[in-house]
$ cat input29.csv   # CSV, C-alpha atoms
chain,number,residue,atom,x,y,z
A,170,MET,CA,-51.0,-21.3,11.9
A,171,SER,CA,-50.5,-22.0,8.2
A,172,VAL,CA,-53.2,-24.3,6.9
A,173,ARG,CA,-52.8,-25.2,3.2
A,174,THR,CA,-55.7,-25.5,0.8
A,175,GLN,CA,-55.6,-25.9,-2.9
A,176,THR,CA,-54.9,-22.7,-4.8
A,177,SER,CA,-53.7,-22.0,-8.3
A,178,GLU,CA,-50.6,-23.9,-9.7
A,179,GLN,CA,-47.6,-24.1,-7.4
A,180,PRO,CA,-44.5,-22.4,-8.9
A,181,ALA,CA,-42.5,-25.0,-10.8
A,182,GLU,CA,-39.0,-25.8,-9.6
A,183,SER,CA,-36.2,-26.5,-12.1
A,184,VAL,CA,-34.2,-28.8,-9.7
A,185,HIS,CA,-35.1,-32.5,-9.4
A,186,ARG,CA,-35.8,-33.8,-5.9
A,187,ALA,CA,-36.1,-37.4,-4.6
A,188,GLY,CA,-36.5,-38.7,-1.1
A,189,PHE,CA,-38.5,-40.6,1.4
A,190,ALA,CA,-41.6,-39.6,3.3
A,191,CYS,CA,-43.4,-41.7,5.9
A,192,PHE,CA,-46.9,-41.4,7.3
A,193,VAL,CA,-47.3,-42.0,11.0
A,194,GLY,CA,-50.4,-42.0,13.2
A,195,ARG,CA,-52.3,-44.3,15.4
A,196,PRO,CA,-53.7,-47.4,13.8
A,197,ASN,CA,-56.5,-46.8,11.3
A,198,ALA,CA,-55.7,-43.1,10.9
A,199,GLY,CA,-56.0,-43.4,7.1
A,200,LYS,CA,-52.2,-43.9,6.3
A,201,SER,CA,-52.6,-46.8,3.8
A,202,THR,CA,-55.5,-45.2,2.0
A,203,LEU,CA,-53.5,-42.0,1.6
A,204,THR,CA,-50.5,-43.9,0.2
A,205,ASN,CA,-52.7,-45.6,-2.3
A,206,ALA,CA,-54.4,-42.3,-3.3
A,207,LEU,CA,-51.0,-40.6,-3.8
A,208,VAL,CA,-49.6,-43.5,-5.9
A,209,GLY,CA,-52.9,-43.9,-7.8
A,210,GLN,CA,-52.9,-47.6,-7.3
A,211,LYS,CA,-53.4,-50.1,-4.5
A,212,VAL,CA,-50.0,-50.8,-3.0
A,213,ALA,CA,-50.8,-50.8,0.8
A,214,ILE,CA,-53.5,-53.0,2.2
A,215,THR,CA,-56.4,-51.1,3.7
A,216,SER,CA,-58.9,-52.4,6.2
A,217,ASN,CA,-61.3,-50.8,8.6
A,218,ARG,CA,-59.6,-52.9,11.3
A,219,PRO,CA,-56.7,-51.2,13.2
A,220,GLN,CA,-53.1,-52.6,12.9
A,221,THR,CA,-53.4,-54.2,9.5
A,222,THR,CA,-50.1,-52.9,8.0
A,223,ARG,CA,-47.1,-55.0,9.1
A,224,HIS,CA,-44.7,-54.5,6.3
A,225,THR,CA,-43.1,-51.2,5.3
A,226,VAL,CA,-44.7,-50.7,1.9
A,227,ARG,CA,-43.1,-48.1,-0.3
A,228,GLY,CA,-45.4,-46.4,-2.7
A,229,ILE,CA,-43.6,-44.3,-5.4
A,230,VAL,CA,-45.0,-41.1,-6.7
A,231,HIS,CA,-43.4,-40.0,-10.0
A,232,ARG,CA,-43.4,-36.4,-11.1
A,233,PRO,CA,-41.3,-34.8,-13.9
A,234,ASP,CA,-39.3,-32.8,-11.3
A,235,ALA,CA,-39.4,-35.2,-8.4
A,236,GLN,CA,-39.8,-38.7,-7.0
A,237,LEU,CA,-41.6,-39.1,-3.7
A,238,ILE,CA,-41.1,-42.5,-2.0
A,239,LEU,CA,-43.8,-43.2,0.6
A,240,VAL,CA,-42.9,-45.5,3.5
A,241,ASP,CA,-46.1,-46.8,5.1
A,242,THR,CA,-45.2,-48.0,8.6
A,243,PRO,CA,-47.4,-49.9,11.1
A,244,GLY,CA,-49.3,-47.7,13.5
A,245,LEU,CA,-47.3,-46.9,16.6
A,246,HIS,CA,-49.1,-48.2,19.7
A,247,LYS,CA,-48.4,-49.3,23.3
A,248,PRO,CA,-47.2,-52.8,22.7
A,249,ARG,CA,-48.8,-55.8,24.4
A,250,THR,CA,-46.9,-58.6,22.6
A,251,LEU,CA,-43.5,-59.3,21.2
A,252,LEU,CA,-44.9,-58.6,17.7
A,253,GLY,CA,-46.1,-55.2,19.0
A,254,GLU,CA,-42.7,-54.3,20.3
A,255,ARG,CA,-41.1,-55.4,16.9
A,256,LEU,CA,-43.6,-53.2,15.0
A,257,ASN,CA,-42.8,-50.2,17.2
A,258,ASP,CA,-39.0,-50.7,16.6
A,259,VAL,CA,-39.7,-50.7,12.8
A,260,VAL,CA,-41.6,-47.4,13.1
A,261,ARG,CA,-38.8,-45.7,15.1
A,262,THR,CA,-36.1,-46.9,12.8
A,263,THR,CA,-38.1,-45.7,9.8
A,264,TRP,CA,-38.6,-42.2,11.3
A,265,ALA,CA,-34.9,-41.8,11.8
A,266,GLU,CA,-34.2,-42.5,8.1
A,267,VAL,CA,-36.8,-40.5,6.2
A,268,ASP,CA,-36.6,-37.0,4.8
A,269,VAL,CA,-40.1,-35.9,6.0
A,270,ILE,CA,-42.7,-37.2,8.3
A,271,GLY,CA,-46.5,-36.9,7.8
A,272,PHE,CA,-48.5,-37.2,11.0
A,273,CYS,CA,-52.0,-38.4,10.1
A,274,LEU,CA,-54.8,-37.4,12.4
A,275,PRO,CA,-58.4,-38.3,11.4
A,276,ALA,CA,-60.8,-35.3,11.1
A,277,ASP,CA,-63.7,-37.1,12.7
A,278,GLN,CA,-62.0,-38.1,16.0
A,279,LYS,CA,-60.8,-35.7,18.7
A,280,ILE,CA,-57.1,-35.8,19.5
A,281,GLY,CA,-56.7,-38.7,22.0
A,282,PRO,CA,-54.0,-40.3,24.2
A,283,GLY,CA,-52.8,-42.4,21.2
A,284,ASP,CA,-52.1,-39.3,19.2
A,285,ARG,CA,-50.3,-37.6,22.1
A,286,PHE,CA,-48.2,-40.7,22.6
A,287,ILE,CA,-47.0,-40.4,18.9
A,288,ALA,CA,-46.7,-36.6,19.0
A,289,LYS,CA,-44.4,-36.9,22.0
A,290,GLU,CA,-42.2,-39.4,20.2
A,291,LEU,CA,-42.1,-37.1,17.2
A,292,ALA,CA,-41.1,-34.1,19.3
A,293,GLY,CA,-37.9,-36.1,20.1
A,294,ILE,CA,-36.9,-36.3,16.4
A,295,LYS,CA,-35.6,-32.8,15.9
A,296,LYS,CA,-34.1,-32.6,12.4
A,297,THR,CA,-36.8,-34.2,10.3
A,298,PRO,CA,-39.5,-31.8,9.0
A,299,LYS,CA,-43.0,-32.8,10.1
A,300,VAL,CA,-46.3,-32.2,8.2
A,301,ALA,CA,-49.6,-32.6,10.0
A,302,ILE,CA,-52.1,-34.3,7.7
A,303,VAL,CA,-55.8,-34.1,8.7
A,304,THR,CA,-57.3,-37.2,7.0
A,305,LYS,CA,-60.9,-38.3,6.3
A,306,THR,CA,-62.1,-34.6,5.9
A,307,ASP,CA,-65.1,-36.0,3.9
A,308,LEU,CA,-66.6,-37.3,7.2
A,309,VAL,CA,-66.9,-33.8,8.9
A,310,ASP,CA,-68.5,-30.4,8.4
A,311,PRO,CA,-66.3,-27.3,8.0
A,312,LYS,CA,-66.8,-26.2,11.6
A,313,ALA,CA,-65.5,-29.6,13.0
A,314,LEU,CA,-62.6,-29.5,10.6
A,315,ALA,CA,-61.7,-26.0,11.7
A,316,GLU,CA,-61.7,-27.1,15.4
A,317,GLN,CA,-59.5,-30.1,14.6
A,318,LEU,CA,-57.0,-27.8,12.7
A,319,ILE,CA,-56.8,-25.5,15.7
A,320,ALA,CA,-56.3,-28.5,18.1
A,321,ILE,CA,-53.4,-29.8,16.0
A,322,ASP,CA,-51.8,-26.4,15.8
A,323,GLN,CA,-52.1,-26.2,19.6
A,324,LEU,CA,-50.7,-29.8,20.1
A,325,GLY,CA,-47.6,-28.7,18.2
A,326,LYS,CA,-47.1,-25.6,20.3
A,327,GLU,CA,-47.5,-27.6,23.6
A,328,LEU,CA,-44.9,-30.2,22.6
A,329,GLY,CA,-42.5,-27.8,20.8
A,330,ILE,CA,-43.2,-29.3,17.3
A,331,GLU,CA,-43.1,-26.8,14.5
A,332,TRP,CA,-45.3,-28.1,11.7
A,333,ALA,CA,-43.9,-27.4,8.3
A,334,GLU,CA,-47.5,-27.5,7.0
A,335,ILE,CA,-50.9,-28.5,8.2
A,336,VAL,CA,-52.9,-30.0,5.3
A,337,PRO,CA,-56.5,-31.3,5.4
A,338,VAL,CA,-57.1,-34.1,2.9
A,339,SER,CA,-59.7,-36.7,1.8
A,340,ALA,CA,-58.1,-39.7,0.2
A,341,VAL,CA,-61.5,-41.2,-0.5
A,342,GLY,CA,-62.8,-38.0,-2.1
A,343,ALA,CA,-59.5,-37.3,-3.8
A,344,LYS,CA,-59.5,-33.8,-2.2
A,345,GLN,CA,-56.1,-32.0,-1.8
A,346,VAL,CA,-54.2,-35.3,-2.4
A,347,ASP,CA,-52.1,-33.7,-5.2
A,348,LEU,CA,-51.6,-30.6,-3.0
A,349,LEU,CA,-50.2,-32.8,-0.3
A,350,ALA,CA,-47.6,-34.2,-2.8
A,351,ASP,CA,-46.8,-30.6,-3.9
A,352,LEU,CA,-46.1,-29.6,-0.3
A,353,LEU,CA,-44.0,-32.8,0.6
A,354,ILE,CA,-41.8,-32.5,-2.5
A,355,PRO,CA,-40.0,-29.3,-1.6
A,356,LEU,CA,-39.0,-30.9,1.8
A,357,LEU,CA,-37.0,-33.6,-0.1
A,358,PRO,CA,-33.3,-33.3,-0.9
A,359,GLU,CA,-32.2,-32.5,-4.4
A,360,GLY,CA,-31.1,-35.6,-6.4
A,361,PRO,CA,-31.8,-38.0,-9.2
A,362,ALA,CA,-34.7,-40.5,-9.2
A,363,LEU,CA,-34.0,-43.5,-7.0
A,364,TYR,CA,-36.4,-45.9,-8.8
A,365,PRO,CA,-37.1,-46.6,-12.4
A,366,GLU,CA,-40.0,-44.8,-14.0
A,367,GLY,CA,-43.1,-46.9,-13.7
A,368,ASP,CA,-42.2,-48.7,-10.5
A,369,LEU,CA,-44.9,-48.2,-7.9
A,370,THR,CA,-43.4,-50.1,-5.0
A,371,ASP,CA,-40.3,-52.0,-4.1
A,372,GLU,CA,-42.1,-54.7,-2.1
A,373,PRO,CA,-41.3,-58.2,-3.4
A,374,GLU,CA,-44.3,-59.5,-5.4
A,375,GLN,CA,-44.7,-62.5,-3.0
A,376,VAL,CA,-45.0,-60.1,0.0
A,377,MET,CA,-47.6,-58.0,-1.8
A,378,VAL,CA,-49.6,-61.1,-2.8
A,379,ALA,CA,-49.5,-62.3,0.8
A,380,GLU,CA,-50.8,-58.9,1.9
A,381,LEU,CA,-53.7,-59.0,-0.6
A,382,ILE,CA,-54.7,-62.5,0.7
A,383,ARG,CA,-54.5,-61.2,4.3
A,384,GLU,CA,-56.6,-58.2,3.5
A,385,ALA,CA,-59.3,-60.5,2.0
A,386,ALA,CA,-59.1,-62.8,5.0
A,387,LEU,CA,-59.6,-59.9,7.4
A,388,GLU,CA,-62.8,-58.8,5.8
A,389,GLY,CA,-65.9,-59.7,7.8
A,390,VAL,CA,-64.1,-61.7,10.5
A,391,ARG,CA,-64.9,-61.2,14.2
A,392,ASP,CA,-63.0,-58.7,16.1
A,393,GLU,CA,-60.7,-61.1,17.9
A,394,LEU,CA,-59.0,-62.2,14.7
A,395,PRO,CA,-57.1,-59.4,12.9
A,396,HIS,CA,-53.8,-59.7,14.8
A,397,SER,CA,-54.0,-63.5,14.6
A,398,ILE,CA,-53.8,-63.8,10.8
A,399,ALA,CA,-50.5,-64.1,9.0
A,400,VAL,CA,-50.1,-65.2,5.4
A,401,VAL,CA,-47.0,-66.8,3.8
A,402,VAL,CA,-46.8,-67.4,0.1
A,403,GLU,CA,-44.9,-70.7,-0.2
A,404,GLU,CA,-44.4,-70.6,-3.9
A,405,MET,CA,-45.3,-68.8,-7.1
A,406,LEU,CA,-44.6,-70.7,-10.3
A,407,PRO,CA,-45.7,-70.4,-13.9
A,408,ARG,CA,-47.8,-73.5,-14.9
A,409,GLU,CA,-45.8,-75.7,-17.2
A,410,ASP,CA,-47.1,-76.8,-20.7
A,411,ARG,CA,-49.2,-73.7,-21.1
A,412,PRO,CA,-49.4,-71.9,-24.5
A,413,ALA,CA,-47.6,-68.5,-24.5
A,414,ASP,CA,-50.8,-66.6,-25.0
A,415,ARG,CA,-52.5,-68.4,-22.1
A,416,PRO,CA,-50.1,-68.3,-19.2
A,417,LEU,CA,-51.2,-69.3,-15.7
A,418,LEU,CA,-49.4,-68.6,-12.4
A,419,ASP,CA,-49.8,-71.2,-9.6
A,420,ILE,CA,-49.7,-69.6,-6.2
A,421,HIS,CA,-49.6,-71.7,-3.0
A,422,ALA,CA,-50.2,-69.8,0.2
A,423,ASN,CA,-50.8,-70.7,3.9
A,424,VAL,CA,-53.0,-68.6,6.1
A,425,TYR,CA,-51.7,-68.9,9.7
A,426,ILE,CA,-53.9,-68.4,12.8
A,427,GLU,CA,-53.0,-68.8,16.5
A,428,ARG,CA,-55.6,-71.3,17.8
A,429,PRO,CA,-57.4,-74.3,16.3
A,430,SER,CA,-60.7,-72.7,17.3
A,431,GLN,CA,-60.0,-69.9,14.9
A,432,LYS,CA,-59.8,-72.3,11.9
A,433,GLY,CA,-63.6,-72.5,11.6
A,434,ILE,CA,-64.0,-68.8,11.5
A,435,ILE,CA,-61.6,-68.4,8.5
A,436,ILE,CA,-62.8,-71.5,6.6
A,437,GLY,CA,-66.5,-70.8,7.2
A,438,PRO,CA,-69.4,-73.2,6.9
A,439,LYS,CA,-68.6,-75.8,4.2
A,440,GLY,CA,-65.5,-73.8,3.3
A,441,LYS,CA,-67.6,-70.9,2.0
A,442,ARG,CA,-65.5,-68.1,3.6
A,443,LEU,CA,-62.1,-69.4,2.5
A,444,LYS,CA,-63.5,-69.7,-1.0
A,445,GLU,CA,-64.7,-66.1,-0.9
A,446,VAL,CA,-61.2,-65.0,0.4
A,447,GLY,CA,-59.7,-66.9,-2.6
A,448,ILE,CA,-62.0,-65.3,-5.2
A,449,LYS,CA,-61.6,-61.8,-3.8
A,450,SER,CA,-57.8,-61.9,-3.4
A,451,ARG,CA,-57.3,-63.6,-6.7
A,452,LYS,CA,-59.0,-60.7,-8.5
A,453,HIS,CA,-56.6,-58.2,-6.9
A,454,ILE,CA,-53.5,-60.4,-7.4
A,455,GLU,CA,-54.3,-60.8,-11.1
A,456,ALA,CA,-54.7,-57.0,-11.4
A,457,LEU,CA,-51.4,-56.5,-9.6
A,458,LEU,CA,-49.4,-59.1,-11.6
A,459,GLY,CA,-51.2,-58.8,-14.9
A,460,THR,CA,-51.6,-62.5,-15.4
A,461,PRO,CA,-54.3,-65.2,-14.7
A,462,VAL,CA,-53.7,-66.9,-11.4
A,463,PHE,CA,-54.6,-70.3,-9.8
A,464,LEU,CA,-54.7,-69.7,-6.0
A,465,ASP,CA,-54.3,-72.6,-3.6
A,466,LEU,CA,-55.0,-71.6,0.0
A,467,HIS,CA,-54.5,-73.6,3.2
A,468,VAL,CA,-55.3,-72.6,6.8
A,469,LYS,CA,-52.7,-73.7,9.4
A,470,VAL,CA,-52.3,-73.2,13.1
A,471,ALA,CA,-49.1,-71.6,14.4
A,472,LYS,CA,-49.8,-71.6,18.2
A,473,ASP,CA,-49.4,-68.1,19.8
A,474,TRP,CA,-47.1,-66.9,16.9
A,475,GLN,CA,-47.3,-63.3,18.0
A,476,ARG,CA,-45.4,-64.1,21.2
A,477,ASP,CA,-42.9,-66.6,19.9
A,478,PRO,CA,-39.6,-65.3,18.4
A,479,LYS,CA,-39.1,-68.4,16.3
A,480,GLN,CA,-42.5,-68.3,14.8
A,481,LEU,CA,-42.2,-64.5,14.2
A,482,ARG,CA,-39.0,-65.1,12.2
A,483,LYS,CA,-40.6,-67.9,10.2
A,484,LEU,CA,-43.6,-65.7,9.3
A,485,GLY,CA,-41.3,-62.9,8.2
A,486,PHE,CA,-41.3,-60.5,11.1
$ encode --input "input29.csv" --output "structure tokens"
Amino acid sequence: MSVRTQTSEQPAESVHRAGFACFVGRPNAGKSTLTNALVGQKVAITSNRPQTTRHTVRGIVHRPDAQLILVDTPGLHKPRTLLGERLNDVVRTTWAEVDVIGFCLPADQKIGPGDRFIAKELAGIKKTPKVAIVTKTDLVDPKALAEQLIAIDQLGKELGIEWAEIVPVSAVGAKQVDLLADLLIPLLPEGPALYPEGDLTDEPEQVMVAELIREAALEGVRDELPHSIAVVVEEMLPREDRPADRPLLDIHANVYIERPSQKGIIIGPKGKRLKEVGIKSRKHIEALLGTPVFLDLHVKVAKDWQRDPKQLRKLGF
């Protein structure tokens, strides 16, 4: 078993490589946090609630000799709704198209049925190199980490998966994140950069703004709500009649929930929660877009949207 830890500089390659890597793992395995750590900026929404990522967010890591494009897919899971089935289809399509797959397994949780379910799916994808990434290493002691590394090696042997690498990382503690990029890059095909220098993601700005609002709306709500929240940015327009040195961007967005009873949870007593969601997300949106923002939020009910094909289309799934 070859487990990689940081050593002296990796030998430099003279060729330029560019390609796609995707992180897979059960919900809440640390995939979005890892994407953000590699890119060095917030591009994927993170939440301690499972199943928060619904869009394929590409984070772009620029190196002089390489461009690594990270595709962050929703967590693969046994679907219970039409939305769940669609998300799983997105995952499988993505796996078939990338150059390398990183399988994220948290260091602080034993390998469970969810991990095995994904590993079995991965075993069926023969050509794509697979790297096992042990996330959240800051949460365990060296003995527990060693046990997890052995368990992952064993899982590969059982299912006939040959790990290209097994890498322990801590995205929060910024441990071995650069090493992970160093190990993924040689697995990419040779070729020129696919995105302009300075681009961090190819997500349309409106989608990213909607995701930031959804992330703020997810914080602190009761457990029954995470899957029930969808956000659609209806319009983003520069405010007219503003002096050039004091621009303002007007953003109008709807927060959709599935049942009228959920409205009160999102809005909060006297509108306090919705106001907090606005303040928090506006700060992130202004940082993302580099301009002052006026954010207008409305909460609407889209009855059982996760099970309704028409509503799913309308909400962008």
$ closest_residue --input "input29.csv" --among "A:Thr460, A:Ser450, A:Ser201, A:Gln375" --to "A:Pro407" --atoms "only C-alpha atoms"
A:Thr460
$ closest_residue --input "input29.csv" --among "A:Glu334, A:Asp234, A:Asp347, A:Asp277" --to "A:Ala313" --atoms "only C-alpha atoms"
A:Asp277
$ closest_residue --input "input29.csv" --among "A:Leu252, A:Leu353, A:Leu363, A:Ile420" --to "A:Gly271" --atoms "all atoms listed in the file"
A:Leu353
$ closest_atom_pairs --input "input29.csv" --of "stretch 325-437 of chain A" --to "stretch 190-195 of chain A" --cutoff "12 Å" --atoms "all atoms listed in the file" --output "Markdown table"
| residue | atom | partner | partner_atom | distance |
| --- | --- | --- | --- | --- |
| A:Leu349 | CA | A:Ala190 | CA | 11.5 |
| A:Ala350 | CA | A:Ala190 | CA | 10.1 |
| A:Leu352 | CA | A:Ala190 | CA | 11.5 |
| A:Leu353 | CA | A:Ala190 | CA | 7.7 |
| A:Ile354 | CA | A:Ala190 | CA | 9.2 |
| A:Pro355 | CA | A:Ala190 | CA | 11.5 |
| A:Leu356 | CA | A:Ala190 | CA | 9.2 |
| A:Leu357 | CA | A:Ala190 | CA | 8.3 |
| A:Pro358 | CA | A:Ala190 | CA | 11.2 |
$ closest_residue --input "input29.csv" --among "A:Ile426, A:Leu251, A:Val390, A:Leu464" --to "A:Leu406" --atoms "only C-alpha atoms"
A:Leu464
$ closest_residue --input "input29.csv" --among "A:Ile454, A:Val468, A:Ile280, A:Val338" --to "A:Gly325" --atoms "all atoms listed in the file"
A:Ile280
$ atom_distance --input "input29.csv" --atom1 "atom CA of A:Ala422" --atom2 "atom CA of A:Glu404"
7.1 Å
$ closest_residue --input "input29.csv" --among "A:Phe189, A:Asn205, A:Val376, A:Leu314" --to "A:Thr263" --atoms "all atoms listed in the file"
A:Phe189
$ residues_near_point --input "input29.csv" --point "(-51.1, -69.9, 10.0)" --cutoff "7 Å" --atoms "only C-alpha atoms" --output "ChimeraX atom specification"
/A:398-400,423-427,468-471
$ residues_around --input "input29.csv" --residues "A:Ala362" --least-positions-apart "6" --cutoff "10 Å" --atoms "all atoms listed in the file" --output "ChimeraX atom specification"
/A:185-188,231-238
$ atom_distance --input "input29.csv" --atom1 "atom CA of A:Asp351" --atom2 "atom CA of A:Val309"
24.0 Å
$ residues_around --input "input29.csv" --residues "A:Ala385" --least-positions-apart "5" --cutoff "8 Å" --atoms "only C-alpha atoms" --output "count of residues only"
4
$ atom_distance --input "input29.csv" --atom1 "atom CA of A:Leu274" --atom2 "atom CA of A:Ala198"
6.0 Å
